[in-house]
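Student: Next up, data29.pdb (PDB, C-alpha atoms, pLDDT in the B column).
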```
ATOM      1  CA  MET S  76      56.235   0.574  73.910  1.00 76.00           C
ATOM      2  CA  LEU S  77      56.071  -2.199  76.475  1.00 84.00           C
ATOM      3  CA  CYS S  78      53.298  -0.389  78.316  1.00 84.00           C
ATOM      4  CA  LEU S  79      51.171  -0.306  75.150  1.00 85.00           C
ATOM      5  CA  ILE S  80      51.852  -3.945  74.364  1.00 89.00           C
ATOM      6  CA  PHE S  81      51.121  -5.088  77.921  1.00 91.00           C
ATOM      7  CA  SER S  82      47.931  -3.066  78.318  1.00 90.00           C
ATOM      8  CA  THR S  83      46.494  -4.256  74.998  1.00 91.00           C
ATOM      9  CA  ALA S  84      47.520  -7.846  75.721  1.00 94.00           C
ATOM     10  CA  LEU S  85      45.785  -7.610  79.092  1.00 94.00           C
ATOM     11  CA  LEU S  86      42.630  -6.246  77.481  1.00 94.00           C
ATOM     12  CA  VAL S  87      42.488  -8.977  74.830  1.00 95.00           C
ATOM     13  CA  PHE S  88      43.292 -11.677  77.411  1.00 95.00           C
ATOM     14  CA  LEU S  89      40.439 -10.540  79.653  1.00 94.00           C
ATOM     15  CA  ILE S  90      37.984 -10.256  76.760  1.00 94.00           C
ATOM     16  CA  HIS S  91      38.861 -13.820  75.747  1.00 93.00           C
ATOM     17  CA  ALA S  92      38.348 -14.946  79.346  1.00 91.00           C
ATOM     18  CA  LEU S  93      34.979 -13.217  79.580  1.00 91.00           C
ATOM     19  CA  THR S  94      33.624 -14.490  76.269  1.00 90.00           C
ATOM     20  CA  ASP S  95      34.922 -18.061  76.471  1.00 86.00           C
ATOM     21  CA  PRO S  96      31.919 -20.400  76.759  1.00 81.00           C
ATOM     22  CA  ASP S  97      33.975 -22.872  78.824  1.00 78.00           C
ATOM     23  CA  ASN S  98      34.459 -20.262  81.565  1.00 78.00           C
ATOM     24  CA  MET S  99      31.805 -18.927  83.887  1.00 78.00           C
ATOM     25  CA  GLU S 100      30.959 -16.016  81.636  1.00 75.00           C
ATOM     26  CA  PRO S 101      28.754 -13.174  82.851  1.00 80.00           C
ATOM     27  CA  SER S 102      25.271 -12.841  81.453  1.00 82.00           C
ATOM     28  CA  LYS S 103      25.067 -11.205  78.050  1.00 82.00           C
ATOM     29  CA  GLY S 104      23.549  -8.028  79.477  1.00 89.00           C
ATOM     30  CA  TYR S 105      26.488  -7.415  81.801  1.00 91.00           C
ATOM     31  CA  LEU S 106      29.231  -8.195  79.281  1.00 91.00           C
ATOM     32  CA  PRO S 107      29.467  -4.683  77.739  1.00 92.00           C
ATOM     33  CA  VAL S 108      29.490  -3.126  81.200  1.00 93.00           C
ATOM     34  CA  VAL S 109      32.267  -5.432  82.412  1.00 93.00           C
ATOM     35  CA  ILE S 110      34.367  -4.839  79.292  1.00 92.00           C
ATOM     36  CA  GLY S 111      33.835  -1.086  79.661  1.00 94.00           C
ATOM     37  CA  LEU S 112      34.990  -1.263  83.274  1.00 95.00           C
ATOM     38  CA  ILE S 113      38.074  -3.227  82.173  1.00 94.00           C
ATOM     39  CA  VAL S 114      38.905  -0.598  79.537  1.00 91.00           C
ATOM     40  CA  THR S 115      38.414   2.137  82.145  1.00 92.00           C
ATOM     41  CA  ALA S 116      40.635   0.352  84.673  1.00 93.00           C
ATOM     42  CA  ILE S 117      43.375  -0.215  82.096  1.00 90.00           C
ATOM     43  CA  GLY S 118      43.131   3.402  81.011  1.00 86.00           C
ATOM     44  CA  MET S 119      43.341   4.684  84.574  1.00 89.00           C
ATOM     45  CA  THR S 120      46.241   2.358  85.358  1.00 88.00           C
ATOM     46  CA  PHE S 121      48.400   2.768  82.256  1.00 83.00           C
ATOM     47  CA  GLY S 122      46.994   5.988  80.780  1.00 78.00           C
ATOM     48  CA  HIS S 123      49.487   8.269  82.463  1.00 78.00           C
ATOM     49  CA  ASN S 124      52.492   6.389  81.073  1.00 71.00           C
ATOM     50  CA  CYS S 125      51.330   5.546  77.573  1.00 69.00           C
ATOM     51  CA  GLY S 126      48.484   7.921  76.849  1.00 70.00           C
ATOM     52  CA  TYR S 127      45.615   5.402  76.929  1.00 73.00           C
ATOM     53  CA  ALA S 128      46.594   4.138  73.477  1.00 70.00           C
ATOM     54  CA  ILE S 129      45.237   0.596  73.708  1.00 79.00           C
ATOM     55  CA  ASN S 130      43.653   1.267  70.331  1.00 77.00           C
ATOM     56  CA  PRO S 131      45.607   2.891  67.483  1.00 79.00           C
ATOM     57  CA  ALA S 132      42.608   5.087  66.652  1.00 77.00           C
ATOM     58  CA  ARG S 133      42.814   6.724  70.074  1.00 75.00           C
ATOM     59  CA  ASP S 134      46.251   8.090  69.216  1.00 77.00           C
ATOM     60  CA  PHE S 135      46.145   8.506  65.445  1.00 80.00           C
ATOM     61  CA  SER S 136      42.800  10.318  65.192  1.00 82.00           C
ATOM     62  CA  PRO S 137      43.784  13.282  67.404  1.00 82.00           C
ATOM     63  CA  ARG S 138      47.075  13.576  65.531  1.00 82.00           C
ATOM     64  CA  LEU S 139      45.258  13.555  62.219  1.00 86.00           C
ATOM     65  CA  PHE S 140      42.831  16.183  63.505  1.00 90.00           C
ATOM     66  CA  THR S 141      45.632  18.473  64.643  1.00 88.00           C
ATOM     67  CA  LEU S 142      47.328  18.033  61.268  1.00 87.00           C
ATOM     68  CA  ILE S 143      44.147  19.090  59.463  1.00 91.00           C
ATOM     69  CA  ALA S 144      43.434  21.879  61.970  1.00 92.00           C
ATOM     70  CA  GLY S 145      46.652  23.630  61.060  1.00 88.00           C
ATOM     71  CA  TRP S 146      49.441  22.502  63.381  1.00 86.00           C
ATOM     72  CA  GLY S 147      51.237  20.861  60.471  1.00 82.00           C
ATOM     73  CA  THR S 148      53.377  17.759  60.491  1.00 82.00           C
ATOM     74  CA  GLN S 149      55.009  18.551  63.825  1.00 81.00           C
ATOM     75  CA  VAL S 150      52.443  16.300  65.535  1.00 80.00           C
ATOM     76  CA  PHE S 151      54.013  13.348  63.705  1.00 80.00           C
ATOM     77  CA  SER S 152      57.647  14.474  63.726  1.00 79.00           C
ATOM     78  CA  HIS S 153      58.406  14.464  67.467  1.00 74.00           C
ATOM     79  CA  ASN S 154      61.774  12.855  68.192  1.00 75.00           C
ATOM     80  CA  ASP S 155      62.604  12.358  64.482  1.00 77.00           C
ATOM     81  CA  TYR S 156      59.362  10.439  63.779  1.00 74.00           C
ATOM     82  CA  LYS S 157      60.337   7.725  66.281  1.00 72.00           C
ATOM     83  CA  TYR S 158      57.372   8.032  68.617  1.00 75.00           C
ATOM     84  CA  PHE S 159      54.709   8.157  65.903  1.00 75.00           C
ATOM     85  CA  TRP S 160      54.861   4.423  65.107  1.00 80.00           C
ATOM     86  CA  ILE S 161      54.807   3.163  68.690  1.00 80.00           C
ATOM     87  CA  PRO S 162      51.084   3.785  69.422  1.00 80.00           C
ATOM     88  CA  VAL S 163      50.172   2.510  65.968  1.00 82.00           C
ATOM     89  CA  VAL S 164      52.106  -0.778  66.006  1.00 86.00           C
ATOM     90  CA  GLY S 165      52.226  -1.537  69.759  1.00 86.00           C
ATOM     91  CA  PRO S 166      48.530  -2.382  70.264  1.00 87.00           C
ATOM     92  CA  TYR S 167      48.561  -4.814  67.335  1.00 91.00           C
ATOM     93  CA  ILE S 168      51.510  -6.666  68.819  1.00 93.00           C
ATOM     94  CA  GLY S 169      49.822  -6.670  72.229  1.00 93.00           C
ATOM     95  CA  ALA S 170      46.535  -7.959  70.827  1.00 93.00           C
ATOM     96  CA  ILE S 171      48.271 -10.847  69.088  1.00 96.00           C
ATOM     97  CA  LEU S 172      50.268 -11.677  72.218  1.00 96.00           C
ATOM     98  CA  GLY S 173      47.189 -11.497  74.450  1.00 95.00           C
ATOM     99  CA  GLY S 174      45.312 -13.908  72.202  1.00 94.00           C
ATOM    100  CA  ILE S 175      48.263 -16.291  71.969  1.00 95.00           C
ATOM    101  CA  ILE S 176      48.785 -16.252  75.737  1.00 94.00           C
ATOM    102  CA  TYR S 177      45.117 -16.957  76.421  1.00 92.00           C
ATOM    103  CA  ILE S 178      44.907 -19.764  73.871  1.00 90.00           C
ATOM    104  CA  SER S 179      48.158 -21.396  74.960  1.00 90.00           C
ATOM    105  CA  CYS S 180      47.716 -21.042  78.730  1.00 87.00           C
ATOM    106  CA  ILE S 181      43.964 -21.322  79.317  1.00 83.00           C
ATOM    107  CA  GLN S 182      42.135 -22.673  76.310  1.00 77.00           C
ATOM    108  CA  MET S 183      44.590 -25.441  75.380  1.00 74.00           C
ATOM    109  CA  ARG S 184      44.740 -26.555  79.002  1.00 67.00           C
ATOM    110  CA  SER S 185      40.975 -26.954  79.198  1.00 62.00           C
ATOM    111  CA  LEU S 186      40.990 -28.836  75.901  1.00 59.00           C
ATOM    112  CA  SER S 187      43.795 -31.146  77.094  1.00 57.00           C
ATOM    113  CA  GLU S 188      41.739 -32.123  80.147  1.00 58.00           C
ATOM    114  CA  GLY S 189      39.208 -33.894  77.967  1.00 57.00           C
ATOM    115  CA  ASP S 190      36.751 -31.103  77.216  1.00 54.00           C
ATOM    116  CA  TRP S 191      37.059 -31.461  73.468  1.00 52.00           C
ATOM    117  CA  PRO S 192      34.090 -30.116  71.556  1.00 53.00           C
TER     118      PRO S 192
END
```
Any chance you could put this one into structure tokens?

Tutor:
Amino acid sequence: MLCLIFSTALLVFLIHALTDPDNMEPSKGYLPVVIGLIVTAIGMTFGHNCGYAINPARDFSPRLFTLIAGWGTQVFSHNDYKYFWIPVVGPYIGAILGGIIYISCIQMRSLSEGDWP
């Protein structure tokens, strides 16, 4: 669970850093490429441990497909339904934490230095 929360928090933190107009943001043409490289790096780093589930749709959609394809509810019932909720709830917690950490550590600091809009 901590791997999912940390990887999603890292992704949201870096997206905030890249899109913040007070930072030295990359040009608009390079922004999708840079974000794609960040998602790839996070997936290659944490994908082995937590199955690349930085987005709940990346875990829930294959499970839903296997349910419809005929494997039944066993794709949701592993370990008495304990693991099913982790990839669904973990990225939401990580996204909120990543945003809060960026706002409290970076954005509020730049605003406190006199750069008020």

Student: Specify as a tab-separated table (two decimals) with C-alpha atoms, keeping the file's coordinate frame each residue included when the PyMOL selection byres ((chain S and resi 167) around 12) is applied to this file.

Tutor:
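Written out: result.tsv:
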```
chain	number	residue	atom	x	y	z
S	76	MET	CA	56.24	0.57	73.91
S	79	LEU	CA	51.17	-0.31	75.15
S	80	ILE	CA	51.85	-3.94	74.36
S	81	PHE	CA	51.12	-5.09	77.92
S	82	SER	CA	47.93	-3.07	78.32
S	83	THR	CA	46.49	-4.26	75.00
S	84	ALA	CA	47.52	-7.85	75.72
S	86	LEU	CA	42.63	-6.25	77.48
S	87	VAL	CA	42.49	-8.98	74.83
S	128	ALA	CA	46.59	4.14	73.48
S	129	ILE	CA	45.24	0.60	73.71
S	130	ASN	CA	43.65	1.27	70.33
S	131	PRO	CA	45.61	2.89	67.48
S	132	ALA	CA	42.61	5.09	66.65
S	160	TRP	CA	54.86	4.42	65.11
S	161	ILE	CA	54.81	3.16	68.69
S	162	PRO	CA	51.08	3.78	69.42
S	163	VAL	CA	50.17	2.51	65.97
S	164	VAL	CA	52.11	-0.78	66.01
S	165	GLY	CA	52.23	-1.54	69.76
S	166	PRO	CA	48.53	-2.38	70.26
S	168	ILE	CA	51.51	-6.67	68.82
S	169	GLY	CA	49.82	-6.67	72.23
S	170	ALA	CA	46.54	-7.96	70.83
S	171	ILE	CA	48.27	-10.85	69.09
S	172	LEU	CA	50.27	-11.68	72.22
S	173	GLY	CA	47.19	-11.50	74.45
S	174	GLY	CA	45.31	-13.91	72.20
```

Student: Within 10 Å of Leu106 of chain S, counting all atoms listed in the file, which residues qualify if same-chain residues fewer than 6 places away don't, as a PyMOL selection string?

Tutor: chain S and resi 90+93-94+100+112

Student: Limited to C-alpha atoms, could you put the picked residues into a file as a short mmCIF file (atom, residue, chain, number, x, y, z; two decimals), in the coordinates of the input?

Tutor:
```
data_model
loop_
_atom_site.label_atom_id
_atom_site.label_comp_id
_atom_site.auth_asym_id
_atom_site.auth_seq_id
_atom_site.Cartn_x
_atom_site.Cartn_y
_atom_site.Cartn_z
CA ILE S 90 37.98 -10.26 76.76
CA LEU S 93 34.98 -13.22 79.58
CA THR S 94 33.62 -14.49 76.27
CA GLU S 100 30.96 -16.02 81.64
CA LEU S 112 34.99 -1.26 83.27
#
```

Student: What does the structure give for the distance between atom CA of Cys78 of chain S and atom CA of Phe121 of chain S, in Å to one decimal?

Tutor: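 Interatomic distance here is 7.0 Å.
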
Student: Skipping near chain neighbours, those fewer than 5 positions away, what residues fall within 10 Å of Leu139 of chain S using only C-alpha atoms, listed as a VMD selection string?

Tutor: chain S and resid 132 134 144 146 to 148 150 to 151

Student: Could you work out how far atom CA of Gly104 of chain S lies from atom CA of Tyr177 of chain S, giving the answer in Å with one decimal?

Tutor: 23.5 Å

Student: Could you tell me which residues the PyMOL selection byres ((chain S and resi 114) around 10) returns for this structure, as JSON, numbers by chain?

Tutor: {"S": [82, 83, 85, 86, 108, 109, 110, 111, 112, 113, 115, 116, 117, 118, 119, 120, 127, 129]}

Student: Quick one: what's the axis-aligned box for segment 176-185 of chain S, all listed atoms, 3 Å on every side, centre and edges in Å to one decimal, as lines of an AutoDock Vina configuration file?

Tutor:
```
center_x = 44.9
center_y = -21.6
center_z = 76.6
size_x = 13.8
size_y = 16.7
size_z = 11.4
```

Student: Atom CA of Pro137 of chain S to atom CA of His91 of chain S: how many Å, to one decimal?

Tutor: 28.8 Å

Student: At a cut-off of 10 Å, using only C-alpha atoms, what residues contact Asn98 of chain S? Leave out same-chain residues fewer than 6 positions from it and give the result as a VMD selection string.

Tutor: chain S and resid 91 to 92 181 to 182 185

Student: Considering only C-alpha atoms, can you say which of S:Leu77, S:Phe88, S:Pro107, S:Asp155 comes closest to Ile178 of chain S?

Tutor: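 The closest residue to Ile178 of chain S is S:Phe88.
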